[in-house]
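A.B. asks: One structure, pasted below without further comment.
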Amino acid sequence: MTRHIDVPGLRWNRIAPAPTNDPDLSSFGGSHDLFGDGSLVLLPTPGHTPGSMSLLVRQAVHRPLLMVGDLTYDVHLLEDRHVPGVGSRRRLCEATSMVNKLRTRIPDLVILPAHDPGAAGRLAQATGESPVTLAS
């Protein structure tokens, strides 16, 4: 699907997770700290598509967030270890296990799947903001 991301004049840098000293992230085998301060960390969560990553967002004033994309379609399915039907079942199970281990290490972690209807409400609650509703 490179035609979706290959834009003339745009250069991409391939991200390769590297070992981390952060004990909370040990189950992932590696990570990529975008700013070097632990505030935005990419975590490998393959399975739905090769190279899939989740984004851990840590700020001093809010609960930590984990944007998991299509690793799951609903946070409750993730908790119950159910994996979506699209992708590598083995890799989805591994990534689900890694995320669930992270949830035990960071109990106030807010999981935000891309297609979960409850994600916007959990995000609003975690950040103290009002949920945004779209006018019809």
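Residue numbering restarts at 1 for every chain of the structure tokens, chains are lettered A, B, ... in their displayed order, and ligands are numbered from 1 as they appear.
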Between segment 3-38 of chain A and segment 44-61 of chain A, at 10 Å or less, what are the per-residue closest atom pairs and their distances in Å? Count only C-alpha atoms, order by chain and rising residue number, and return it as a tab-separated table.
C.D. replies:
```
residue	atom	partner	partner_atom	distance
A:Ile15	CA	A:Gly51	CA	9.2
A:Ala16	CA	A:Pro44	CA	9.0
A:Pro17	CA	A:Pro44	CA	7.1
A:Leu25	CA	A:Leu56	CA	10.0
A:Phe28	CA	A:Pro44	CA	6.6
A:Gly29	CA	A:Pro44	CA	8.4
A:Gly30	CA	A:Pro44	CA	7.4
A:Ser31	CA	A:Pro44	CA	6.8
A:His32	CA	A:Pro44	CA	8.8
A:Asp33	CA	A:Leu56	CA	9.4
A:Leu34	CA	A:Leu55	CA	9.9
A:Asp37	CA	A:Arg58	CA	9.6
A:Gly38	CA	A:Arg58	CA	6.9
```
A.B. asks: Taking C-alpha atoms for each residue, export the selection above as an mmCIF file, in the first residue's frame.
C.D. replies:
```cif
data_model
loop_
_atom_site.group_PDB
_atom_site.id
_atom_site.type_symbol
_atom_site.label_atom_id
_atom_site.label_comp_id
_atom_site.auth_asym_id
_atom_site.auth_seq_id
_atom_site.Cartn_x
_atom_site.Cartn_y
_atom_site.Cartn_z
ATOM 1 C CA ILE A 15 11.507 3.143 12.729
ATOM 2 C CA ALA A 16 13.306 0.190 14.291
ATOM 3 C CA PRO A 17 12.485 -0.572 17.934
ATOM 4 C CA LEU A 25 8.063 -1.627 28.465
ATOM 5 C CA PHE A 28 7.698 -5.339 24.030
ATOM 6 C CA GLY A 29 11.332 -6.273 23.476
ATOM 7 C CA GLY A 30 12.043 -2.774 22.199
ATOM 8 C CA SER A 31 10.613 0.668 21.656
ATOM 9 C CA HIS A 32 11.303 3.949 19.906
ATOM 10 C CA ASP A 33 11.250 7.052 22.107
ATOM 11 C CA LEU A 34 10.342 9.870 19.728
ATOM 12 C CA ASP A 37 12.077 11.916 27.257
ATOM 13 C CA GLY A 38 9.559 9.059 27.473
#
```
A.B. asks: Could you pull out the residues in segment 56-121 of chain A that DSSP calls strand (DSSP E or B) from the backbone, as a ChimeraX atom specification?
C.D. replies: /A:56-57,65-69,110-113
A.B. asks: Please report the interatomic distance between atom CA of Asn13 of chain A and atom CA of Leu43 of chain A in Å with one decimal.
C.D. replies: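 One can read the atom CA of Asn13 of chain A to atom CA of Leu43 of chain A distance as 16.0 Å.
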A.B. asks: Nearest to Leu109 of chain A among A:Arg11, A:Pro19, A:Ile5, A:Leu66, with distances taken over only C-alpha atoms: which residue is it?
C.D. replies: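 Among A:Arg11, A:Pro19, A:Ile5, A:Leu66, it is A:Leu66 that comes nearest to Leu109 of chain A.
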A.B. asks: Between A:Thr20, A:Arg63, A:Cys93, A:Pro8, which has the minimum distance to Gly128 of chain A (counting only C-alpha atoms)?
C.D. replies: A:Arg63
A.B. asks: Do you know which residues are at most 6 Å from Pro113 of chain A counting only C-alpha atoms, after dropping those on the same chain fewer than 3 positions away, and could you put them as a tab-separated table (two decimals) with N, CA and C atoms, in the first residue's frame?
C.D. replies:
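This went into selection_30.tsv:
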```
chain	number	residue	atom	x	y	z
A	68	VAL	N	-3.72	2.12	20.36
A	68	VAL	CA	-3.37	0.80	19.83
A	68	VAL	C	-3.84	0.56	18.40
A	69	GLY	N	-4.43	1.57	17.77
A	69	GLY	CA	-4.86	1.41	16.38
A	69	GLY	C	-5.83	0.27	16.21
A	73	TYR	N	-10.59	-3.94	18.35
A	73	TYR	CA	-11.66	-3.02	17.96
A	73	TYR	C	-12.41	-2.50	19.17
A	116	ASP	N	-12.97	1.80	18.58
A	116	ASP	CA	-13.78	1.59	19.78
A	116	ASP	C	-14.68	2.80	20.02
```
A.B. asks: Report as a count of residues only: the residues of segment 19-134 of chain A with a DSSP assignment of alpha helix (DSSP H), based on the backbone of this structure.
C.D. replies: 31
A.B. asks: Work out how far atom CA of Ala114 of chain A is from atom CA of Met67 of chain A, in Å to one decimal.
C.D. replies: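 Between these atoms lies a distance of 7.4 Å.
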A.B. asks: So what do you get for atom CA of Ser97 of chain A versus atom CA of Leu77 of chain A, distance-wise?
C.D. replies: 12.2 Å
A.B. asks: Which one of A:Thr96, A:Gln125, A:Ser130, A:Ser88 sits closest to Pro64 of chain A if you count only C-alpha atoms?
C.D. replies: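 Closest candidate: A:Gln125.
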A.B. asks: Pick out the closest residue to Leu123 of chain A from this set: A:Leu40, A:Ala18, A:Leu65, A:Val99. Count only C-alpha atoms.
C.D. replies: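 The closest residue to Leu123 of chain A is A:Leu65.
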A.B. asks: Please identify all polymer residues within 12 Å of Arg81 of chain A, counting only C-alpha atoms, omitting same-chain residues fewer than 2 positions from it, and present them as number ranges by chain.
C.D. replies: A: 71-79, 83-84, 89, 92-101
A.B. asks: If you keep N, CA and C atoms, can you produce a file of those selected residues as a PDB file, in the first residue's frame?
C.D. replies:
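What follows is the written file part.pdb:
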```
ATOM      1  N   LEU A  71      -5.136  -2.978  16.730  1.00  0.00           N
ATOM      2  CA  LEU A  71      -4.781  -4.180  17.487  1.00  0.00           C
ATOM      3  C   LEU A  71      -6.036  -4.852  18.022  1.00  0.00           C
ATOM      4  N   THR A  72      -7.012  -4.049  18.398  1.00  0.00           N
ATOM      5  CA  THR A  72      -8.312  -4.537  18.830  1.00  0.00           C
ATOM      6  C   THR A  72      -9.350  -3.525  18.376  1.00  0.00           C
ATOM      7  N   TYR A  73     -10.592  -3.945  18.355  1.00  0.00           N
ATOM      8  CA  TYR A  73     -11.659  -3.025  17.962  1.00  0.00           C
ATOM      9  C   TYR A  73     -12.413  -2.501  19.170  1.00  0.00           C
ATOM     10  N   ASP A  74     -12.111  -3.053  20.346  1.00  0.00           N
ATOM     11  CA  ASP A  74     -12.830  -2.661  21.560  1.00  0.00           C
ATOM     12  C   ASP A  74     -11.934  -3.002  22.747  1.00  0.00           C
ATOM     13  N   VAL A  75     -11.835  -2.084  23.689  1.00  0.00           N
ATOM     14  CA  VAL A  75     -10.948  -2.291  24.832  1.00  0.00           C
ATOM     15  C   VAL A  75     -11.352  -3.525  25.641  1.00  0.00           C
ATOM     16  N   HIS A  76     -12.632  -3.840  25.682  1.00  0.00           N
ATOM     17  CA  HIS A  76     -13.084  -5.008  26.437  1.00  0.00           C
ATOM     18  C   HIS A  76     -12.660  -6.308  25.761  1.00  0.00           C
ATOM     19  N   LEU A  77     -12.599  -6.311  24.437  1.00  0.00           N
ATOM     20  CA  LEU A  77     -12.093  -7.484  23.718  1.00  0.00           C
ATOM     21  C   LEU A  77     -10.621  -7.700  24.039  1.00  0.00           C
ATOM     22  N   LEU A  78      -9.867  -6.605  24.144  1.00  0.00           N
ATOM     23  CA  LEU A  78      -8.452  -6.689  24.497  1.00  0.00           C
ATOM     24  C   LEU A  78      -8.291  -7.282  25.886  1.00  0.00           C
ATOM     25  N   GLU A  79      -9.085  -6.791  26.831  1.00  0.00           N
ATOM     26  CA  GLU A  79      -9.026  -7.300  28.208  1.00  0.00           C
ATOM     27  C   GLU A  79      -9.299  -8.794  28.257  1.00  0.00           C
ATOM     28  N   VAL A  83      -8.923 -11.478  19.782  1.00  0.00           N
ATOM     29  CA  VAL A  83      -8.216 -10.737  18.741  1.00  0.00           C
ATOM     30  C   VAL A  83      -9.114 -10.576  17.524  1.00  0.00           C
ATOM     31  N   PRO A  84      -8.911  -9.475  16.767  1.00  0.00           N
ATOM     32  CA  PRO A  84      -9.722  -9.292  15.564  1.00  0.00           C
ATOM     33  C   PRO A  84      -9.414 -10.366  14.522  1.00  0.00           C
ATOM     34  N   ARG A  89      -2.961 -14.175  13.424  1.00  0.00           N
ATOM     35  CA  ARG A  89      -3.534 -14.497  14.737  1.00  0.00           C
ATOM     36  C   ARG A  89      -2.444 -14.657  15.799  1.00  0.00           C
ATOM     37  N   LEU A  92      -1.090 -11.191  16.615  1.00  0.00           N
ATOM     38  CA  LEU A  92      -2.113 -10.433  17.351  1.00  0.00           C
ATOM     39  C   LEU A  92      -2.190 -10.904  18.802  1.00  0.00           C
ATOM     40  N   CYS A  93      -2.107 -12.211  19.010  1.00  0.00           N
ATOM     41  CA  CYS A  93      -2.133 -12.745  20.377  1.00  0.00           C
ATOM     42  C   CYS A  93      -0.912 -12.281  21.163  1.00  0.00           C
ATOM     43  N   GLU A  94       0.256 -12.289  20.526  1.00  0.00           N
ATOM     44  CA  GLU A  94       1.479 -11.827  21.184  1.00  0.00           C
ATOM     45  C   GLU A  94       1.362 -10.345  21.556  1.00  0.00           C
ATOM     46  N   ALA A  95       0.907  -9.520  20.620  1.00  0.00           N
ATOM     47  CA  ALA A  95       0.787  -8.084  20.873  1.00  0.00           C
ATOM     48  C   ALA A  95      -0.259  -7.807  21.953  1.00  0.00           C
ATOM     49  N   THR A  96      -1.362  -8.552  21.916  1.00  0.00           N
ATOM     50  CA  THR A  96      -2.396  -8.399  22.950  1.00  0.00           C
ATOM     51  C   THR A  96      -1.819  -8.715  24.316  1.00  0.00           C
ATOM     52  N   SER A  97      -1.023  -9.773  24.404  1.00  0.00           N
ATOM     53  CA  SER A  97      -0.394 -10.144  25.664  1.00  0.00           C
ATOM     54  C   SER A  97       0.562  -9.046  26.141  1.00  0.00           C
ATOM     55  N   MET A  98       1.337  -8.466  25.231  1.00  0.00           N
ATOM     56  CA  MET A  98       2.269  -7.396  25.601  1.00  0.00           C
ATOM     57  C   MET A  98       1.519  -6.185  26.154  1.00  0.00           C
ATOM     58  N   VAL A  99       0.429  -5.820  25.500  1.00  0.00           N
ATOM     59  CA  VAL A  99      -0.355  -4.662  25.955  1.00  0.00           C
ATOM     60  C   VAL A  99      -1.006  -4.952  27.301  1.00  0.00           C
ATOM     61  N   ASN A 100      -1.521  -6.154  27.475  1.00  0.00           N
ATOM     62  CA  ASN A 100      -2.135  -6.496  28.767  1.00  0.00           C
ATOM     63  C   ASN A 100      -1.104  -6.524  29.895  1.00  0.00           C
ATOM     64  N   LYS A 101       0.131  -6.927  29.608  1.00  0.00           N
ATOM     65  CA  LYS A 101       1.199  -6.857  30.615  1.00  0.00           C
ATOM     66  C   LYS A 101       1.491  -5.397  30.965  1.00  0.00           C
TER      67      LYS A 101
END
```
A.B. asks: Considering only C-alpha atoms, state which residue in the set A:Leu112, A:Thr104, A:Gly9, A:Ser27 is at the smallest distance from Ala124 of chain A.
C.D. replies: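 Closest to Ala124 of chain A of all the choices is A:Leu112.
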